[in-house]
Amino acid sequence: MAHLRSDRPLPFDELDAVLRQAGLTHRPVGVVDLDAFEDNIAAMRRRTGGLPIRVATKSLRVRSLISTAEAAEGYSGLLCFTLDEALWLHSRGHQDIVVAYPTADTAAIQRLAQHDSARAAITLMVDSRPHLDLIETAIGAASSSTAPIRVAIDMDVAYQPLKGLHIGALRSPLRTPEDMLGLAREISRRPALRLVGIMAYEGQIAGVGNLGPRRAVVRLMQRASSQEILHRRGAAVRAVAGEFDLEFVNGGGTGSIETTSQDPVVTEIGAGSGLLASALFDEYSAFTPRPALFFGFTVVRRPAPKVATITGGGIIASGVPGPDRLPRVVHPAGLRFSRQEGAGEVQSPVVGEAAEHLRVGDTVWLRCAKAGEPAERFSQYALVRGTEVVDAVPTYRGEHQLFL
């Protein structure tokens, strides 16, 4: 079991002043601890048993960090969340890109079809004949190129131990080897398309924390699910590979690297959140990531004893609503969000003994539940090592890019 070091937290008491001295005076501010980020890059690589990691860009949304991770030993290629994003990253030099989700963006598909270099670099995800029809219709006469559009098939590996019980993401309708082979054969009958890979993401393992005694049932489910996936995914990949040449079989996620890498048919792991170690990953038993992404918010009120109010703070993670989707206060220690208000759109009260020592103008530091989504709220992140500001780099938003 690989564990990341978590014994070198950022010096938050000094960090605010250091950022201001570097000219980073705007609040809220996003900060990436480069030492922790690089530790996480190495630790995730060690967990794969030698399989390459394809960087999930949705969990970073900062080109500088994406490029650093992709260039690291043991990493290869990008896993994007939209075709527009993939086309943009390709225009910035990235050459091996899989779009992890099907697209219905016909304008983007037409742009893909018009550029031979993009056709060679970008793979689209499909899981049904309507996807194939849409791609063929979109490209139409958009290109005179004879090079086919690269596609991969998305396989559903959610756990269904009983009829009517579905544990995991509602993704592809394809679950069996017969389903997968049927669509692969349909792709082969369409000259404009070429099958190059398979994706099978086990969200019920990769995306669900299992730490603590109350999660014993989750751990049992995940063990049973991993065994079921091993057999079903293996059978599906062998069926398709028996008739078609596959370049890759992508599986996993930050939370399931250990189990996914043991599957002999998987050739690469898709992961990204573990690089920044967002707060949801505090709840996993197989690994201990080192937090790397923090957000500083300014105290603007002291409305009552043991209460301080910060501007902003309401960066709520997507998914099923619940307390685990809220940011977590990391400094000063001992603060939490008010139960009556939670994390607010414009301001957020934080309560606890530590609030007594806060003054208007002080900074409260948070970690967000998910890694990538906060980047949509910030134009740049400060990159720091200890008390040194190394750089300030733009997020997607800072580069005027909006993909969702």
# chains A, B, ... in the order shown; residues from 1 in each chain; ligands from 1
$ residues_around --residues "stretch 73-89 of chain A" --least-positions-apart "2" --cutoff "8 Å" --atoms "only C-alpha atoms" --output "VMD selection string"
chain A and resid 45 50 to 58 69 to 71 91 to 101 103 105 108 to 109 112 118 122 124 270 403 to 404
$ residues_around --residues "stretch 375-384 of chain A" --least-positions-apart "4" --cutoff "7 Å" --atoms "only C-alpha atoms" --output "ChimeraX atom specification"
/A:30-34,61,388-395,397-398
$ write_last_selection --atoms "N, CA and C atoms" --output "mmCIF file, in the first residue's frame"
data_model
loop_
_atom_site.group_PDB
_atom_site.id
_atom_site.type_symbol
_atom_site.label_atom_id
_atom_site.label_comp_id
_atom_site.auth_asym_id
_atom_site.auth_seq_id
_atom_site.Cartn_x
_atom_site.Cartn_y
_atom_site.Cartn_z
ATOM 1 N N GLY A 30 -6.332 31.183 -4.894
ATOM 2 C CA GLY A 30 -6.070 29.756 -4.966
ATOM 3 C C GLY A 30 -4.575 29.493 -4.957
ATOM 4 N N VAL A 31 -4.147 28.488 -4.200
ATOM 5 C CA VAL A 31 -2.724 28.192 -4.029
ATOM 6 C C VAL A 31 -2.481 26.701 -4.247
ATOM 7 N N VAL A 32 -1.454 26.381 -5.017
ATOM 8 C CA VAL A 32 -1.028 24.993 -5.200
ATOM 9 C C VAL A 32 0.336 24.814 -4.548
ATOM 10 N N ASP A 33 0.417 23.872 -3.633
ATOM 11 C CA ASP A 33 1.674 23.502 -2.983
ATOM 12 C C ASP A 33 2.419 22.576 -3.939
ATOM 13 N N LEU A 34 3.472 23.086 -4.603
ATOM 14 C CA LEU A 34 4.170 22.303 -5.612
ATOM 15 C C LEU A 34 4.866 21.078 -5.023
ATOM 16 N N ARG A 61 -7.716 21.456 -14.723
ATOM 17 C CA ARG A 61 -8.203 22.649 -15.427
ATOM 18 C C ARG A 61 -7.218 23.814 -15.359
ATOM 19 N N GLU A 388 7.855 30.422 -0.539
ATOM 20 C CA GLU A 388 8.287 31.066 -1.782
ATOM 21 C C GLU A 388 7.194 30.937 -2.830
ATOM 22 N N VAL A 389 6.819 32.062 -3.420
ATOM 23 C CA VAL A 389 5.894 32.049 -4.544
ATOM 24 C C VAL A 389 6.710 31.826 -5.814
ATOM 25 N N VAL A 390 6.506 30.679 -6.455
ATOM 26 C CA VAL A 390 7.283 30.308 -7.632
ATOM 27 C C VAL A 390 6.708 30.935 -8.896
ATOM 28 N N ASP A 391 5.372 30.972 -8.995
ATOM 29 C CA ASP A 391 4.741 31.475 -10.211
ATOM 30 C C ASP A 391 3.257 31.700 -9.922
ATOM 31 N N ALA A 392 2.591 32.357 -10.834
ATOM 32 C CA ALA A 392 1.127 32.458 -10.836
ATOM 33 C C ALA A 392 0.687 32.065 -12.232
ATOM 34 N N VAL A 393 -0.125 30.998 -12.329
ATOM 35 C CA VAL A 393 -0.474 30.437 -13.637
ATOM 36 C C VAL A 393 -1.984 30.511 -13.848
ATOM 37 N N PRO A 394 -2.412 30.720 -15.097
ATOM 38 C CA PRO A 394 -3.850 30.847 -15.350
ATOM 39 C C PRO A 394 -4.567 29.503 -15.315
ATOM 40 N N THR A 395 -5.775 29.530 -14.821
ATOM 41 C CA THR A 395 -6.688 28.406 -14.955
ATOM 42 C C THR A 395 -7.308 28.456 -16.350
ATOM 43 N N ARG A 397 -10.287 29.275 -16.845
ATOM 44 C CA ARG A 397 -11.042 30.532 -16.817
ATOM 45 C C ARG A 397 -10.109 31.712 -17.087
ATOM 46 N N GLY A 398 -8.905 31.661 -16.530
ATOM 47 C CA GLY A 398 -7.947 32.741 -16.754
ATOM 48 C C GLY A 398 -7.488 32.844 -18.189
#
$ select_by_dssp --residues "stretch 47-222 of chain A" --states "alpha helix (DSSP H)" --output "JSON, numbers by chain"
{"A": [47, 63, 64, 65, 66, 67, 68, 69, 70, 71, 83, 84, 85, 86, 87, 88, 89, 90, 91, 106, 107, 108, 109, 110, 111, 112, 113, 116, 117, 118, 119, 120, 121, 129, 130, 131, 132, 133, 134, 135, 136, 137, 138, 139, 177, 178, 179, 180, 181, 182, 183, 184, 185, 186, 187, 188, 203, 204, 205, 206, 216, 217, 218, 219, 220, 221, 222]}
$ atom_distance --atom1 "atom CA of A:Ala107" --atom2 "atom CA of A:Ala138"
7.5 Å
$ closest_residue --among "A:Ala206, A:Ala169, A:Leu19, A:Ala343" --to "A:Leu280" --atoms "only C-alpha atoms"
A:Ala206
$ residues_around --residues "A:Phe281" --least-positions-apart "3" --cutoff "9 Å" --atoms "only C-alpha atoms" --output "JSON list (two decimals) with N, CA, C and O atoms, in the first residue's frame"
[["chain", "number", "residue", "atom", "x", "y", "z"],
["A", 207, "GLY", "N", -14.67, 6.42, -6.99],
["A", 207, "GLY", "CA", -15.23, 7.68, -6.56],
["A", 207, "GLY", "C", -16.00, 7.65, -5.26],
["A", 207, "GLY", "O", -16.72, 8.60, -4.95],
["A", 208, "VAL", "N", -15.84, 6.59, -4.48],
["A", 208, "VAL", "CA", -16.58, 6.48, -3.22],
["A", 208, "VAL", "C", -15.60, 6.17, -2.08],
["A", 208, "VAL", "O", -14.92, 5.16, -2.10],
["A", 209, "GLY", "N", -15.55, 7.07, -1.09],
["A", 209, "GLY", "CA", -14.67, 6.85, 0.06],
["A", 209, "GLY", "C", -15.13, 5.67, 0.89],
["A", 209, "GLY", "O", -16.32, 5.39, 1.00],
["A", 254, "THR", "N", -8.57, 7.78, -9.50],
["A", 254, "THR", "CA", -7.66, 7.92, -8.36],
["A", 254, "THR", "C", -7.95, 6.93, -7.25],
["A", 254, "THR", "O", -7.04, 6.35, -6.66],
["A", 255, "GLY", "N", -9.23, 6.69, -6.97],
["A", 255, "GLY", "CA", -9.58, 5.85, -5.83],
["A", 255, "GLY", "C", -9.49, 4.37, -6.07],
["A", 255, "GLY", "O", -9.62, 3.59, -5.12],
["A", 273, "SER", "N", -7.63, 13.52, -9.86],
["A", 273, "SER", "CA", -7.95, 14.18, -8.60],
["A", 273, "SER", "C", -6.87, 13.98, -7.54],
["A", 273, "SER", "O", -6.63, 14.85, -6.71],
["A", 274, "GLY", "N", -6.24, 12.81, -7.56],
["A", 274, "GLY", "CA", -5.21, 12.53, -6.56],
["A", 274, "GLY", "C", -3.99, 13.41, -6.67],
["A", 274, "GLY", "O", -3.18, 13.48, -5.74],
["A", 277, "ALA", "N", -5.30, 16.17, -4.55],
["A", 277, "ALA", "CA", -5.80, 15.60, -3.29],
["A", 277, "ALA", "C", -6.88, 16.46, -2.66],
["A", 277, "ALA", "O", -6.72, 17.01, -1.58],
["A", 278, "SER", "N", -8.00, 16.56, -3.36],
["A", 278, "SER", "CA", -9.13, 17.29, -2.82],
["A", 278, "SER", "C", -9.70, 16.55, -1.61],
["A", 278, "SER", "O", -9.37, 15.39, -1.33],
["A", 284, "TYR", "N", -10.46, 7.66, 1.97],
["A", 284, "TYR", "CA", -10.07, 6.41, 1.30],
["A", 284, "TYR", "C", -9.06, 5.64, 2.15],
["A", 284, "TYR", "O", -8.13, 6.24, 2.72],
["A", 287, "PHE", "N", -4.97, 4.62, 0.31],
["A", 287, "PHE", "CA", -3.87, 5.57, 0.10],
["A", 287, "PHE", "C", -4.15, 6.84, 0.90],
["A", 287, "PHE", "O", -5.29, 7.11, 1.27],
["A", 288, "THR", "N", -3.09, 7.59, 1.15],
["A", 288, "THR", "CA", -3.21, 8.84, 1.91],
["A", 288, "THR", "C", -2.57, 9.96, 1.11],
["A", 288, "THR", "O", -1.36, 10.16, 1.15],
["A", 289, "PRO", "N", -3.35, 10.68, 0.31],
["A", 289, "PRO", "CA", -2.77, 11.75, -0.51],
["A", 289, "PRO", "C", -2.36, 12.94, 0.32],
["A", 289, "PRO", "O", -2.83, 13.13, 1.44],
["A", 369, "ALA", "N", -14.02, 20.06, -1.81],
["A", 369, "ALA", "CA", -14.30, 18.62, -1.87],
["A", 369, "ALA", "C", -13.78, 18.00, -3.15],
["A", 369, "ALA", "O", -13.26, 16.88, -3.14],
["A", 370, "LYS", "N", -13.90, 18.70, -4.28],
["A", 370, "LYS", "CA", -13.40, 18.20, -5.55],
["A", 370, "LYS", "C", -12.25, 19.08, -6.04],
["A", 370, "LYS", "O", -12.15, 20.25, -5.68]]
$ select_by_dssp --residues "stretch 124-329 of chain A" --states "strand (DSSP E)" --output "PyMOL selection string"
chain A and resi 124-126+149-154+193-200+248-251+268-271+293-304+307-311+328-329
$ residues_around --residues "A:Ala239" --least-positions-apart "5" --cutoff "8 Å" --atoms "only C-alpha atoms" --output "ChimeraX atom specification"
/A:177-178,181
$ atom_distance --atom1 "atom CA of A:Phe244" --atom2 "atom CA of A:Gly272"
29.2 Å
$ residues_around --residues "A:Glu243" --least-positions-apart "2" --cutoff "9 Å" --atoms "only C-alpha atoms" --output "number ranges by chain"
A: 181, 184-185, 238-241, 245
$ closest_residue --among "A:Val217, A:Leu230, A:Leu293, A:Ile198" --to "A:Glu268" --atoms "only C-alpha atoms"
A:Ile198
$ residues_around --residues "A:Gly234" --least-positions-apart "4" --cutoff "12 Å" --atoms "only C-alpha atoms" --output "ChimeraX atom specification"
/A:155,157,175-177,180,198,200,226-230,238-242,249,251,260,262-267
$ atom_distance --atom1 "atom CA of A:Leu10" --atom2 "atom CA of A:His331"
10.1 Å
$ residues_around --residues "A:Ala147" --least-positions-apart "6" --cutoff "8 Å" --atoms "only C-alpha atoms" --output "list in words"
Asp116, Arg119 and Ala192 of chain A
$ write_last_selection --atoms "C-alpha atoms" --output "JSON list (two decimals), in the first residue's frame"
[["chain", "number", "residue", "atom", "x", "y", "z"],
["A", 116, "ASP", "CA", -5.75, 15.89, -40.05],
["A", 119, "ARG", "CA", -8.00, 13.47, -36.26],
["A", 192, "ALA", "CA", -15.42, 7.12, -41.54]]
$ closest_residue --among "A:Ile269, A:Val299, A:Ala355, A:Val307" --to "A:Gly49" --atoms "only C-alpha atoms"
A:Ile269
$ closest_residue --among "A:Ala22, A:Ile41, A:Pro28, A:Cys368" --to "A:Gln347" --atoms "only C-alpha atoms"
A:Pro28
$ closest_residue --among "A:Val300, A:Leu358, A:Ile167, A:Ala279" --to "A:Leu326" --atoms "only C-alpha atoms"
A:Ala279
$ closest_residue --among "A:Leu402, A:Glu258, A:Pro9, A:Asp324" --to "A:Asp35" --atoms "only C-alpha atoms"
A:Pro9
